[in-house]
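For reference, target.cif is printed below; it contains mmCIF, C-alpha atoms and all ligand atoms.
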```cif
data_my_file
#
loop_
_atom_site.label_atom_id
_atom_site.label_comp_id
_atom_site.auth_asym_id
_atom_site.auth_seq_id
_atom_site.Cartn_x
_atom_site.Cartn_y
_atom_site.Cartn_z
CA MET A 257 -15.21 15.95 1.65
CA ILE A 258 -13.15 13.20 0.01
CA LEU A 259 -14.09 9.55 -0.48
CA VAL A 260 -11.34 7.07 0.34
CA THR A 261 -11.63 3.39 -0.64
CA GLY A 262 -9.72 0.81 1.41
CA GLY A 263 -9.12 3.28 4.24
CA ALA A 264 -9.14 0.55 6.89
CA GLY A 265 -5.99 -1.06 5.41
CA PHE A 266 -2.36 -0.18 6.05
CA ILE A 267 -1.73 2.80 3.75
CA GLY A 268 -5.37 3.89 3.58
CA ALA A 269 -5.64 4.19 7.37
CA ASN A 270 -2.36 6.09 7.60
CA PHE A 271 -3.70 8.36 4.84
CA VAL A 272 -7.05 9.01 6.56
CA LEU A 273 -5.28 9.90 9.84
CA ASP A 274 -2.78 12.08 7.99
CA TRP A 275 -5.52 13.79 5.94
CA ILE A 276 -7.61 14.71 8.97
CA ALA A 277 -4.51 15.92 10.85
CA THR A 278 -3.17 18.04 7.98
CA GLU A 279 -6.16 19.08 5.82
CA GLY A 280 -8.79 18.85 8.53
CA SER A 281 -11.60 18.27 6.05
CA PRO A 282 -14.06 15.32 6.19
CA VAL A 283 -13.37 11.84 4.87
CA VAL A 284 -15.75 9.02 3.99
CA ASN A 285 -13.95 5.68 4.25
CA PHE A 286 -15.54 2.97 2.09
CA ASP A 287 -14.03 -0.42 2.94
CA LYS A 288 -15.16 -4.04 2.64
CA LEU A 289 -13.17 -5.03 5.77
CA THR A 290 -11.43 -8.04 4.29
CA TYR A 291 -8.78 -9.76 6.43
CA ALA A 292 -6.57 -6.70 5.71
CA GLY A 293 -9.10 -4.07 6.78
CA ASN A 294 -9.05 -3.30 10.48
CA PRO A 295 -11.42 -0.71 12.00
CA ALA A 296 -9.05 -0.57 15.01
CA ASN A 297 -6.61 1.29 12.72
CA LEU A 298 -8.93 4.29 12.93
CA ALA A 299 -10.11 3.91 16.52
CA SER A 300 -8.59 7.30 17.39
CA LEU A 301 -11.18 8.98 15.10
CA LYS A 302 -14.15 7.63 17.07
CA GLY A 303 -16.57 10.47 17.72
CA ASP A 304 -14.83 12.79 15.22
CA SER A 305 -17.56 14.27 13.00
CA ARG A 306 -15.05 14.62 10.14
CA TYR A 307 -14.83 10.84 9.78
CA VAL A 308 -17.56 8.63 8.29
CA PHE A 309 -17.16 4.88 7.85
CA ALA A 310 -19.18 2.89 5.30
CA GLN A 311 -18.68 -0.84 4.97
CA GLY A 312 -19.05 -2.26 1.47
CA ASP A 313 -17.49 -3.62 -1.69
CA ILE A 314 -16.20 -1.41 -4.51
CA CYS A 315 -17.72 -3.94 -6.93
CA ASP A 316 -21.19 -2.98 -5.60
CA ARG A 317 -22.04 -0.22 -8.06
CA LYS A 318 -25.38 0.73 -6.51
CA ARG A 319 -23.70 1.26 -3.17
CA VAL A 320 -20.91 3.33 -4.72
CA ALA A 321 -23.45 5.45 -6.64
CA SER A 322 -25.46 6.10 -3.51
CA LEU A 323 -22.37 7.07 -1.48
CA LEU A 324 -21.30 9.53 -4.18
CA GLN A 325 -24.78 11.08 -4.29
CA THR A 326 -25.04 11.34 -0.52
CA HIS A 327 -21.60 12.75 0.22
CA GLN A 328 -20.76 14.67 -3.00
CA PRO A 329 -16.99 14.21 -2.65
CA GLN A 330 -14.54 16.52 -4.40
CA ALA A 331 -12.16 13.59 -4.89
CA ILE A 332 -11.96 9.80 -4.73
CA VAL A 333 -8.69 8.39 -3.41
CA HIS A 334 -8.67 4.73 -4.39
CA PHE A 335 -6.59 2.42 -2.17
CA ALA A 336 -8.92 -0.61 -1.97
CA ALA A 337 -7.19 -3.67 -3.36
CA GLU A 338 -5.95 -7.12 -2.67
CA SER A 339 -2.33 -6.21 -2.05
CA HIS A 340 -0.16 -9.21 -1.19
CA VAL A 341 1.89 -10.96 -3.89
CA ASP A 342 2.04 -14.27 -1.98
CA ARG A 343 -1.75 -14.39 -1.65
CA SER A 344 -2.10 -13.63 -5.36
CA ILE A 345 0.01 -16.70 -6.11
CA HIS A 346 -2.25 -18.89 -3.95
CA GLY A 347 -5.54 -17.38 -5.19
CA PRO A 348 -5.47 -14.90 -8.08
CA GLY A 349 -9.27 -14.76 -8.54
CA GLU A 350 -9.91 -12.27 -5.74
CA PHE A 351 -7.21 -10.02 -7.21
CA VAL A 352 -8.92 -9.84 -10.59
CA GLN A 353 -12.27 -9.27 -8.89
CA THR A 354 -11.29 -6.42 -6.57
CA ASN A 355 -8.37 -4.85 -8.40
CA VAL A 356 -9.72 -5.03 -11.95
CA VAL A 357 -13.52 -5.40 -11.76
CA GLY A 358 -13.68 -3.26 -8.59
CA THR A 359 -11.65 -0.44 -10.12
CA PHE A 360 -13.78 -0.62 -13.27
CA SER A 361 -16.98 -0.38 -11.19
CA LEU A 362 -15.62 2.59 -9.29
CA LEU A 363 -14.55 4.32 -12.51
CA GLU A 364 -17.98 3.83 -14.06
CA GLU A 365 -19.75 5.32 -11.04
CA ALA A 366 -17.18 8.11 -10.73
CA ARG A 367 -17.71 8.98 -14.40
CA SER A 368 -21.46 9.11 -14.02
CA TYR A 369 -21.23 11.27 -10.85
CA TRP A 370 -18.57 13.58 -12.30
CA SER A 371 -20.41 14.08 -15.64
CA ALA A 372 -23.40 15.51 -13.78
CA LEU A 373 -21.41 17.87 -11.53
CA PRO A 374 -21.89 21.60 -12.09
CA GLU A 375 -18.84 23.83 -12.58
CA PRO A 376 -16.55 24.59 -10.80
CA ALA A 377 -16.96 21.30 -8.88
CA LYS A 378 -16.58 19.37 -12.15
CA SER A 379 -13.18 20.89 -13.01
CA ARG A 380 -11.97 20.49 -9.44
CA PHE A 381 -12.93 16.78 -9.15
CA ARG A 382 -10.10 14.22 -9.05
CA PHE A 383 -9.95 10.42 -9.16
CA LEU A 384 -6.63 9.47 -7.61
CA HIS A 385 -5.63 5.86 -8.23
CA VAL A 386 -3.03 4.46 -5.84
CA SER A 387 -0.84 1.94 -7.62
CA THR A 388 2.47 0.19 -7.32
CA ASP A 389 5.92 0.03 -8.91
CA GLU A 390 5.38 -3.71 -9.40
CA VAL A 391 3.53 -2.99 -12.68
CA TYR A 392 6.92 -2.26 -14.29
CA GLY A 393 8.28 -5.77 -13.65
CA SER A 394 11.77 -6.60 -12.48
CA LEU A 395 15.12 -4.79 -12.84
CA SER A 396 18.62 -6.22 -13.02
CA SER A 397 21.26 -4.65 -10.77
CA SER A 398 22.53 -2.43 -13.60
CA ASP A 399 19.15 -1.25 -15.01
CA PRO A 400 18.09 2.37 -14.44
CA ALA A 401 15.26 2.87 -11.92
CA PHE A 402 11.62 2.80 -13.11
CA SER A 403 10.38 6.09 -14.55
CA GLU A 404 6.85 6.99 -15.64
CA THR A 405 7.73 5.93 -19.20
CA THR A 406 9.09 2.48 -18.33
CA PRO A 407 6.96 -0.08 -20.24
CA TYR A 408 4.61 -2.18 -18.12
CA ALA A 409 5.75 -5.79 -17.58
CA PRO A 410 3.90 -7.15 -14.53
CA ASN A 411 5.07 -10.57 -13.35
CA SER A 412 2.78 -11.67 -10.49
CA PRO A 413 -1.02 -11.97 -10.58
CA TYR A 414 -1.06 -9.05 -8.09
CA ALA A 415 1.09 -6.86 -10.35
CA ALA A 416 -0.91 -7.87 -13.45
CA SER A 417 -4.21 -6.97 -11.76
CA LYS A 418 -2.83 -3.57 -10.68
CA ALA A 419 -1.45 -2.98 -14.19
CA ALA A 420 -4.89 -3.75 -15.64
CA SER A 421 -6.48 -1.26 -13.25
CA ASP A 422 -3.90 1.40 -14.19
CA HIS A 423 -4.77 0.91 -17.87
CA LEU A 424 -8.49 1.32 -17.17
CA VAL A 425 -7.84 4.50 -15.19
CA ARG A 426 -5.74 5.87 -18.04
CA ALA A 427 -8.42 4.99 -20.59
CA TYR A 428 -11.13 6.79 -18.60
CA HIS A 429 -9.11 9.98 -18.89
CA HIS A 430 -8.23 9.52 -22.54
CA THR A 431 -11.73 8.50 -23.64
CA TYR A 432 -14.09 10.32 -21.27
CA GLY A 433 -11.91 13.10 -19.87
CA LEU A 434 -12.33 11.89 -16.27
CA PRO A 435 -9.71 13.87 -14.28
CA VAL A 436 -7.61 10.95 -13.04
CA ILE A 437 -4.15 10.86 -11.51
CA THR A 438 -2.21 7.64 -10.92
CA THR A 439 0.63 7.25 -8.42
CA ASN A 440 2.98 4.25 -8.64
CA CYS A 441 4.75 3.78 -5.35
CA SER A 442 7.52 1.53 -4.05
CA ASN A 443 7.33 -0.76 -0.97
CA ASN A 444 5.88 1.00 2.06
CA TYR A 445 6.62 0.31 5.71
CA GLY A 446 5.46 1.85 8.97
CA PRO A 447 2.78 1.52 11.67
CA LEU A 448 -0.44 -0.47 11.02
CA GLN A 449 0.98 -2.80 8.36
CA PHE A 450 -0.54 -6.28 8.43
CA PRO A 451 2.13 -8.82 9.44
CA GLU A 452 2.08 -10.80 6.22
CA LYS A 453 4.44 -8.28 4.58
CA LEU A 454 8.20 -8.50 5.10
CA ILE A 455 8.95 -5.93 7.83
CA PRO A 456 6.08 -6.52 10.31
CA LEU A 457 6.33 -10.29 9.74
CA MET A 458 10.01 -10.22 10.71
CA ILE A 459 9.40 -8.01 13.77
CA LEU A 460 6.60 -10.18 15.14
CA ASN A 461 8.23 -13.53 14.32
CA ALA A 462 11.45 -12.39 16.04
CA LEU A 463 9.55 -11.28 19.15
CA ASN A 464 7.87 -14.68 19.28
CA GLY A 465 11.16 -16.56 18.78
CA LYS A 466 9.95 -17.93 15.43
CA PRO A 467 12.05 -18.45 12.27
CA LEU A 468 12.54 -15.39 10.04
CA PRO A 469 11.69 -16.83 6.59
CA VAL A 470 13.84 -15.25 3.88
CA TYR A 471 12.97 -16.24 0.31
CA GLY A 472 15.77 -17.56 -1.92
CA ASP A 473 19.16 -15.99 -1.21
CA GLY A 474 17.72 -12.82 0.37
CA LYS A 475 19.37 -10.65 -2.29
CA ASN A 476 16.20 -9.32 -3.92
CA VAL A 477 16.10 -5.54 -3.72
CA ARG A 478 13.17 -3.29 -2.83
CA ASP A 479 13.04 0.52 -2.58
CA TRP A 480 11.56 1.26 0.86
CA LEU A 481 9.41 4.29 1.62
CA TYR A 482 8.02 5.33 4.99
CA VAL A 483 4.21 5.31 4.78
CA GLY A 484 3.91 8.92 5.99
CA ASP A 485 6.00 10.04 3.02
CA HIS A 486 3.68 8.13 0.68
CA CYS A 487 0.66 9.90 2.21
CA ALA A 488 2.35 13.28 1.67
CA GLY A 489 3.06 12.31 -1.96
CA ILE A 490 -0.59 11.45 -2.55
CA ARG A 491 -1.69 14.75 -0.99
CA ALA A 492 0.72 16.61 -3.28
CA ALA A 493 -0.58 14.74 -6.34
CA LEU A 494 -4.16 15.50 -5.34
CA ALA A 495 -3.47 19.19 -4.78
CA LYS A 496 -1.15 19.95 -7.67
CA GLY A 497 -0.96 16.92 -9.98
CA ARG A 498 -2.03 17.30 -13.58
CA PRO A 499 -5.08 15.23 -14.63
CA GLY A 500 -4.13 12.33 -16.87
CA GLU A 501 -0.58 12.17 -15.48
CA THR A 502 1.14 9.42 -13.52
CA TYR A 503 3.69 10.07 -10.77
CA ASN A 504 6.24 7.60 -9.42
CA ILE A 505 6.78 7.80 -5.67
CA GLY A 506 9.82 6.16 -4.08
CA GLY A 507 12.07 6.26 -1.06
CA ASN A 508 15.49 6.48 -2.74
CA SER A 509 16.33 3.67 -0.38
CA GLU A 510 17.21 0.42 -2.10
CA LYS A 511 17.95 -2.47 0.26
CA THR A 512 18.32 -6.21 -0.14
CA ASN A 513 15.86 -8.23 1.91
CA LEU A 514 18.75 -9.49 4.02
CA GLU A 515 19.83 -5.91 4.79
CA VAL A 516 16.28 -5.14 5.91
CA VAL A 517 16.03 -8.24 8.12
CA HIS A 518 19.46 -7.57 9.65
CA ALA A 519 18.44 -3.99 10.42
CA VAL A 520 15.21 -5.17 12.11
CA CYS A 521 17.21 -7.70 14.17
CA ALA A 522 19.79 -5.11 15.26
CA ILE A 523 17.06 -2.73 16.50
CA LEU A 524 15.33 -5.56 18.38
CA ASP A 525 18.64 -6.72 19.93
CA GLU A 526 18.94 -3.22 21.36
CA LEU A 527 15.31 -2.50 22.30
CA ARG A 528 14.08 -5.95 23.34
CA PRO A 529 17.07 -8.18 24.23
CA ASN A 530 16.12 -11.80 24.81
CA SER A 531 18.37 -13.93 26.99
CA LEU A 532 17.32 -17.08 25.11
CA ILE A 533 18.24 -15.61 21.69
CA THR A 534 21.69 -13.96 21.75
CA HIS A 535 21.11 -12.27 18.40
CA TYR A 536 17.76 -12.21 16.62
CA LEU A 537 19.51 -12.78 13.30
CA SER A 538 20.21 -16.35 14.42
CA LEU A 539 16.48 -16.92 13.65
CA ILE A 540 16.97 -16.22 9.93
CA THR A 541 15.88 -19.25 7.90
CA TYR A 542 16.22 -19.46 4.13
CA VAL A 543 13.05 -20.84 2.57
CA LYS A 544 12.12 -21.89 -0.96
CA ASP A 545 11.90 -18.87 -3.22
CA ARG A 546 8.60 -17.22 -4.16
CA PRO A 547 7.60 -18.35 -7.71
CA GLY A 548 8.39 -15.61 -10.25
CA HIS A 549 10.09 -13.52 -7.55
CA ASP A 550 11.05 -10.10 -8.98
CA GLN A 551 14.75 -9.41 -8.47
CA ARG A 552 14.83 -5.66 -8.00
CA TYR A 553 12.52 -2.63 -7.84
CA ALA A 554 13.82 0.94 -7.86
CA ILE A 555 11.94 4.19 -8.42
CA ASN A 556 13.05 7.34 -10.16
CA ALA A 557 10.92 9.95 -8.36
CA GLU A 558 12.35 12.93 -10.22
CA LYS A 559 9.03 13.91 -11.87
CA ILE A 560 7.07 14.34 -8.64
CA ARG A 561 10.02 16.18 -7.10
CA ARG A 562 10.33 18.57 -10.05
CA GLU A 563 6.62 19.15 -10.73
CA LEU A 564 5.06 18.89 -7.27
CA GLY A 565 7.99 19.58 -4.94
CA TRP A 566 7.61 16.22 -3.13
CA GLU A 567 10.59 14.37 -1.66
CA PRO A 568 10.81 11.62 0.97
CA GLN A 569 11.57 13.07 4.40
CA GLU A 570 12.24 9.95 6.46
CA ARG A 571 15.58 8.13 6.31
CA PHE A 572 15.20 4.35 6.29
CA GLU A 573 17.16 3.75 9.52
CA LYS A 574 15.06 6.24 11.48
CA GLY A 575 11.75 5.20 9.90
CA LEU A 576 12.49 1.55 10.62
CA ARG A 577 13.29 2.30 14.27
CA LYS A 578 10.00 4.22 14.61
CA THR A 579 8.20 1.28 13.04
CA VAL A 580 9.75 -1.31 15.37
CA GLU A 581 8.95 0.94 18.34
CA TRP A 582 5.34 1.17 17.17
CA TYR A 583 4.97 -2.63 17.05
CA LEU A 584 6.62 -2.94 20.48
CA SER A 585 4.21 -0.50 22.07
CA ASN A 586 0.94 -1.64 20.43
CA ASN A 587 0.40 -5.10 21.87
CA GLU A 588 -3.35 -4.88 21.71
CA TRP A 589 -3.34 -4.13 17.97
CA VAL A 590 -0.80 -6.91 17.37
CA ASP A 591 -2.80 -9.46 19.37
CA SER A 592 -5.99 -8.52 17.54
CA VAL A 593 -4.51 -9.21 14.09
CA LEU A 594 -2.81 -12.48 15.01
CA THR A 595 -6.08 -14.41 14.89
CA GLY A 596 -6.87 -17.97 13.85
CA ASP A 597 -7.28 -16.94 10.20
CA TYR A 598 -3.85 -15.36 10.20
CA ARG A 599 -2.28 -18.54 11.59
CA LYS A 600 -4.06 -20.65 8.96
CA TRP A 601 -2.66 -18.40 6.23
CA MET A 602 0.87 -18.63 7.63
CA ASP A 603 0.62 -22.42 7.68
CA SER A 604 -0.68 -22.64 4.12
CA ASN A 605 1.85 -20.13 2.78
CA TYR A 606 4.97 -21.45 4.45
CA ALA A 607 4.22 -25.18 4.74
CA LYS A 608 5.51 -25.85 1.23
CA ARG A 609 8.41 -23.37 1.21
P1 LIG A 701 -4.00 -3.49 2.50
O1 LIG A 701 -4.11 -4.88 1.97
O2 LIG A 701 -3.37 -3.25 3.82
O3 LIG A 701 -5.46 -2.82 2.57
C1 LIG A 701 -6.39 -2.95 1.55
C2 LIG A 701 -7.72 -2.42 2.06
O4 LIG A 701 -8.68 -2.52 0.99
C3 LIG A 701 -8.30 -3.20 3.24
O5 LIG A 701 -8.79 -2.30 4.21
C4 LIG A 701 -9.42 -4.02 2.63
O6 LIG A 701 -10.48 -4.30 3.55
C5 LIG A 701 -9.89 -3.09 1.52
N1 LIG A 701 -10.55 -3.84 0.42
C6 LIG A 701 -10.11 -4.96 -0.20
N2 LIG A 701 -11.00 -5.34 -1.14
C7 LIG A 701 -12.00 -4.43 -1.12
C8 LIG A 701 -13.20 -4.28 -1.87
N3 LIG A 701 -13.54 -5.16 -2.83
N4 LIG A 701 -14.00 -3.22 -1.60
C9 LIG A 701 -13.68 -2.33 -0.62
N5 LIG A 701 -12.57 -2.44 0.12
C10 LIG A 701 -11.73 -3.48 -0.13
O7 LIG A 701 -3.26 -2.68 1.35
P2 LIG A 701 -2.19 -1.50 1.47
O8 LIG A 701 -0.84 -2.10 1.64
O9 LIG A 701 -2.67 -0.48 2.41
O10 LIG A 701 -2.25 -0.93 -0.02
C11 LIG A 701 -3.20 0.05 -0.39
C12 LIG A 701 -3.05 0.38 -1.85
O11 LIG A 701 -1.73 0.83 -2.11
C13 LIG A 701 -3.28 -0.82 -2.78
O12 LIG A 701 -3.99 -0.38 -3.90
C14 LIG A 701 -1.87 -1.26 -3.15
O13 LIG A 701 -1.86 -1.86 -4.43
C15 LIG A 701 -1.13 0.06 -3.15
N6 LIG A 701 0.30 -0.01 -2.84
C16 LIG A 701 0.74 -0.67 -1.73
C17 LIG A 701 2.12 -0.68 -1.45
C18 LIG A 701 2.64 -1.36 -0.21
O14 LIG A 701 3.86 -1.42 -0.01
N7 LIG A 701 1.81 -1.86 0.70
C19 LIG A 701 3.02 -0.04 -2.30
C20 LIG A 701 2.51 0.63 -3.43
C21 LIG A 701 1.15 0.64 -3.70
P1 LIG A 702 6.51 -8.15 0.51
O1 LIG A 702 6.53 -7.40 1.81
O2 LIG A 702 5.60 -9.31 0.37
O3 LIG A 702 6.29 -7.08 -0.64
P2 LIG A 702 6.44 -7.24 -2.26
O4 LIG A 702 6.45 -8.66 -2.62
O5 LIG A 702 5.20 -6.54 -2.70
O6 LIG A 702 7.71 -6.52 -2.62
O7 LIG A 702 7.99 -8.68 0.25
C1 LIG A 702 9.11 -7.81 0.19
C2 LIG A 702 10.32 -8.65 -0.15
O8 LIG A 702 10.58 -9.56 0.93
C3 LIG A 702 10.11 -9.53 -1.38
O9 LIG A 702 11.34 -9.59 -2.12
C4 LIG A 702 9.79 -10.89 -0.81
C5 LIG A 702 10.56 -10.92 0.49
N1 LIG A 702 9.95 -11.71 1.57
C6 LIG A 702 10.69 -12.72 2.23
O10 LIG A 702 11.87 -12.96 1.91
N2 LIG A 702 10.08 -13.42 3.22
C7 LIG A 702 8.79 -13.20 3.57
O11 LIG A 702 8.28 -13.90 4.47
C8 LIG A 702 8.04 -12.18 2.92
C9 LIG A 702 6.61 -11.90 3.27
C10 LIG A 702 8.66 -11.46 1.92
#
```
In structure tokens, what does this structure look like?
Ligand code: NAD
Ligand code: TYD
Amino acid sequence: MILVTGGAGFIGANFVLDWIATEGSPVVNFDKLTYAGNPANLASLKGDSRYVFAQGDICDRKRVASLLQTHQPQAIVHFAAESHVDRSIHGPGEFVQTNVVGTFSLLEEARSYWSALPEPAKSRFRFLHVSTDEVYGSLSSSDPAFSETTPYAPNSPYAASKAASDHLVRAYHHTYGLPVITTNCSNNYGPLQFPEKLIPLMILNALNGKPLPVYGDGKNVRDWLYVGDHCAGIRAALAKGRPGETYNIGGNSEKTNLEVVHAVCAILDELRPNSLITHYLSLITYVKDRPGHDQRYAINAEKIRRELGWEPQERFEKGLRKTVEWYLSNNEWVDSVLTGDYRKWMDSNYAKR
């Protein structure tokens, strides 16, 4: 049994599905179901006795303590977070609450549960903290990629809140010996991603004939990783990672935002031609840049390759095509996430850009 937090979100849901398919052992998914948490992501597990859902907030320590006592997990895999940079610019408070206070609450309850475990369960226990490459700040085009020893320099409230949580996780190992592992991963893409992030936003806006809003000059660079590869990296870290260590996970696939948007448009031109829009890229609209927009992220994933034998399997072009195909064939899911709240957010985020 493992306890996953935030398993109704994009990466968490992909991880739960992947875990049950590959490991076959039970999962408890503890999720608050914020705007980003969608039980429909795990609808295929309905009736599967290996899957238990518990709705709640990681800041609720009593609830966390009771879940740990009831289910006696051998690991906690911690995804729950506020995860969108643009939202953190509009409202940083929630990010400090969930990402910092929530991670602290979870660490405290994990420490108390773990301290009381008998051997060998105690030595086998792991707290795996899922984090981001954004904690390292921004690279210039000539800088080497982020490694595990790159100093932290978070620039957005989101990145700062994740950096703070990483530091707490590290301290719980150093001070109390809690067997933690942290993974810092690059930008993910794939099925089930909420359409506020670049790739699903572009796919769905294009299909609806709406502008494709590119920040600034579109030359910011991200290192894209298919979500299934991220899940495999987390499984490897859980199985073979050394407690107290951090592992960078990346796709070896640096692209400018414009390259990504062009690639999405080319796939849609082929798979869903629209007689009213000759080429989807004609919808590209340059909008005012995101404040504090990081120029470039790139991951050096040599450590996880060398120590744990993990490497990304999916090439960007193929993974992106699979992703576009997924959005084209899951209308019900798409319709269910494009609710009134989503529209309100789009208006408030883009009105001033
Ligand atoms: P997401 O926003 O899609 O999902 C977050 C999930 O956490 C949702 O299901 C939400 O309901 C839940 N949640 C939020 N606050 C909670 C709380 N207080 N208590 C319990 N549950 C809560 O996020 P994601 O993109 O799947 O990211 C998951 C994790 O991976 C995050 O920690 C993020 O920082 C990290 N990460 C994401 C990326 C990426 O590209 N998306 C890259 C690297 C790391
Ligand atoms: P995003 O998916 O928000 O991830 P992150 O900010 O965590 O990297 O954005 C990826 C890149 O795409 C980032 O450089 C900002 C840019 N972007 C746009 O140009 N337009 C958009 O509408 C969005 C959401 C992002």
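Counting all atoms listed in the file, A:Ala310 has the following residues at most 12 Å away, ignoring those fewer than 6 positions along the same chain: Leu259, Val260, Thr261, Gly262, Gly263, Ala264, Val283, Val284, Asn285, Phe286, Asp287, Lys288, Leu289, Pro295, Arg319, Val320, Ser322, Leu323, Leu324, Thr326 and His327 of chain A.
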### Query
For A:Gly433, which of A:Phe402, A:Ile490, A:Tyr482, A:Ala366 is the closest residue, counting all atoms listed in the file?
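Under the stated criterion, the closest residue is A:Ala366.
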#### Entry: A:Pro348, A:Thr354, A:Ser305, A:Phe271 ranked by distance to ligand LIG 701 (chain A), top pick (using all atoms listed in the file)
A:Thr354
Which residues of chain A come within 7 Å of ligand LIG 702 (chain A), and what is each one's closest atom pair and distance in Å (one decimal), counting only C-alpha atoms and all ligand atoms, sorted by chain and residue number, as JSON lines?
```
{"residue": "A:His340", "atom": "CA", "partner": "A:LIG702", "partner_atom": "O2", "distance": 6.0}
{"residue": "A:Val341", "atom": "CA", "partner": "A:LIG702", "partner_atom": "O4", "distance": 5.3}
{"residue": "A:Asp342", "atom": "CA", "partner": "A:LIG702", "partner_atom": "O2", "distance": 6.5}
{"residue": "A:Asn443", "atom": "CA", "partner": "A:LIG702", "partner_atom": "O6", "distance": 6.0}
{"residue": "A:Glu452", "atom": "CA", "partner": "A:LIG702", "partner_atom": "C9", "distance": 5.5}
{"residue": "A:Lys453", "atom": "CA", "partner": "A:LIG702", "partner_atom": "O1", "distance": 3.6}
{"residue": "A:Leu454", "atom": "CA", "partner": "A:LIG702", "partner_atom": "O1", "distance": 3.9}
{"residue": "A:Ile455", "atom": "CA", "partner": "A:LIG702", "partner_atom": "O1", "distance": 6.7}
{"residue": "A:Leu457", "atom": "CA", "partner": "A:LIG702", "partner_atom": "C9", "distance": 6.7}
{"residue": "A:Pro469", "atom": "CA", "partner": "A:LIG702", "partner_atom": "O11", "distance": 5.0}
{"residue": "A:Val470", "atom": "CA", "partner": "A:LIG702", "partner_atom": "O10", "distance": 3.6}
{"residue": "A:Tyr471", "atom": "CA", "partner": "A:LIG702", "partner_atom": "O10", "distance": 3.8}
{"residue": "A:Gly474", "atom": "CA", "partner": "A:LIG702", "partner_atom": "O10", "distance": 6.1}
{"residue": "A:Asn476", "atom": "CA", "partner": "A:LIG702", "partner_atom": "O9", "distance": 5.2}
{"residue": "A:Val477", "atom": "CA", "partner": "A:LIG702", "partner_atom": "O9", "distance": 6.5}
{"residue": "A:Arg478", "atom": "CA", "partner": "A:LIG702", "partner_atom": "O6", "distance": 6.3}
{"residue": "A:Asn513", "atom": "CA", "partner": "A:LIG702", "partner_atom": "O8", "distance": 5.5}
{"residue": "A:His549", "atom": "CA", "partner": "A:LIG702", "partner_atom": "O9", "distance": 6.8}
{"residue": "A:Asp550", "atom": "CA", "partner": "A:LIG702", "partner_atom": "O9", "distance": 6.9}
```
### Message
So, with only C-alpha atoms and all ligand atoms as the atoms that count, which of A:Phe383, A:Phe572, A:Phe450, A:Tyr553 lies closest to ligand LIG 701 (chain A)?
### Response
A:Phe450
I'd like a table as a Markdown table: residues in chain A with an atom no more than 8 Å from ligand LIG 701 (chain A), each row giving the shortest atom pair and its distance in Å to one decimal, only C-alpha atoms and all ligand atoms counted, sorted by chain and rising residue number.
```
| residue | atom | partner | partner_atom | distance |
| --- | --- | --- | --- | --- |
| A:Thr261 | CA | A:LIG701 | N5 | 6.0 |
| A:Gly262 | CA | A:LIG701 | O4 | 3.5 |
| A:Gly263 | CA | A:LIG701 | O5 | 5.6 |
| A:Ala264 | CA | A:LIG701 | O5 | 3.9 |
| A:Gly265 | CA | A:LIG701 | O5 | 3.3 |
| A:Phe266 | CA | A:LIG701 | O9 | 3.7 |
| A:Ile267 | CA | A:LIG701 | O9 | 3.7 |
| A:Gly268 | CA | A:LIG701 | O9 | 5.3 |
| A:Ala269 | CA | A:LIG701 | O9 | 7.4 |
| A:Phe286 | CA | A:LIG701 | C9 | 6.2 |
| A:Asp287 | CA | A:LIG701 | N5 | 3.8 |
| A:Lys288 | CA | A:LIG701 | N5 | 4.0 |
| A:Leu289 | CA | A:LIG701 | O6 | 3.6 |
| A:Thr290 | CA | A:LIG701 | O6 | 3.9 |
| A:Tyr291 | CA | A:LIG701 | O6 | 6.4 |
| A:Ala292 | CA | A:LIG701 | C3 | 4.6 |
| A:Gly293 | CA | A:LIG701 | O5 | 3.1 |
| A:Asn294 | CA | A:LIG701 | O5 | 6.4 |
| A:Gln311 | CA | A:LIG701 | C9 | 7.6 |
| A:Gly312 | CA | A:LIG701 | C9 | 5.8 |
| A:Asp313 | CA | A:LIG701 | N4 | 3.5 |
| A:Ile314 | CA | A:LIG701 | N4 | 4.1 |
| A:Cys315 | CA | A:LIG701 | N3 | 6.0 |
| A:His334 | CA | A:LIG701 | O12 | 6.9 |
| A:Phe335 | CA | A:LIG701 | C12 | 4.1 |
| A:Ala336 | CA | A:LIG701 | O4 | 3.5 |
| A:Ala337 | CA | A:LIG701 | C6 | 4.5 |
| A:Glu338 | CA | A:LIG701 | C6 | 5.3 |
| A:Ser339 | CA | A:LIG701 | O1 | 4.6 |
| A:His340 | CA | A:LIG701 | O1 | 6.7 |
| A:Gln353 | CA | A:LIG701 | N3 | 7.4 |
| A:Thr354 | CA | A:LIG701 | N3 | 4.5 |
| A:Asn355 | CA | A:LIG701 | N3 | 7.6 |
| A:Gly358 | CA | A:LIG701 | N3 | 6.1 |
| A:His385 | CA | A:LIG701 | O12 | 7.8 |
| A:Val386 | CA | A:LIG701 | O12 | 5.3 |
| A:Ser387 | CA | A:LIG701 | C21 | 4.6 |
| A:Thr388 | CA | A:LIG701 | C21 | 3.9 |
| A:Asp389 | CA | A:LIG701 | C20 | 6.5 |
| A:Glu390 | CA | A:LIG701 | C20 | 7.9 |
| A:Lys418 | CA | A:LIG701 | O13 | 6.6 |
| A:Asn440 | CA | A:LIG701 | C20 | 6.4 |
| A:Cys441 | CA | A:LIG701 | C20 | 4.3 |
| A:Ser442 | CA | A:LIG701 | C19 | 5.1 |
| A:Asn443 | CA | A:LIG701 | O14 | 3.7 |
| A:Asn444 | CA | A:LIG701 | O14 | 3.8 |
| A:Tyr445 | CA | A:LIG701 | O14 | 6.6 |
| A:Gln449 | CA | A:LIG701 | O2 | 6.3 |
| A:Phe450 | CA | A:LIG701 | O2 | 6.2 |
| A:Lys453 | CA | A:LIG701 | N7 | 7.9 |
```
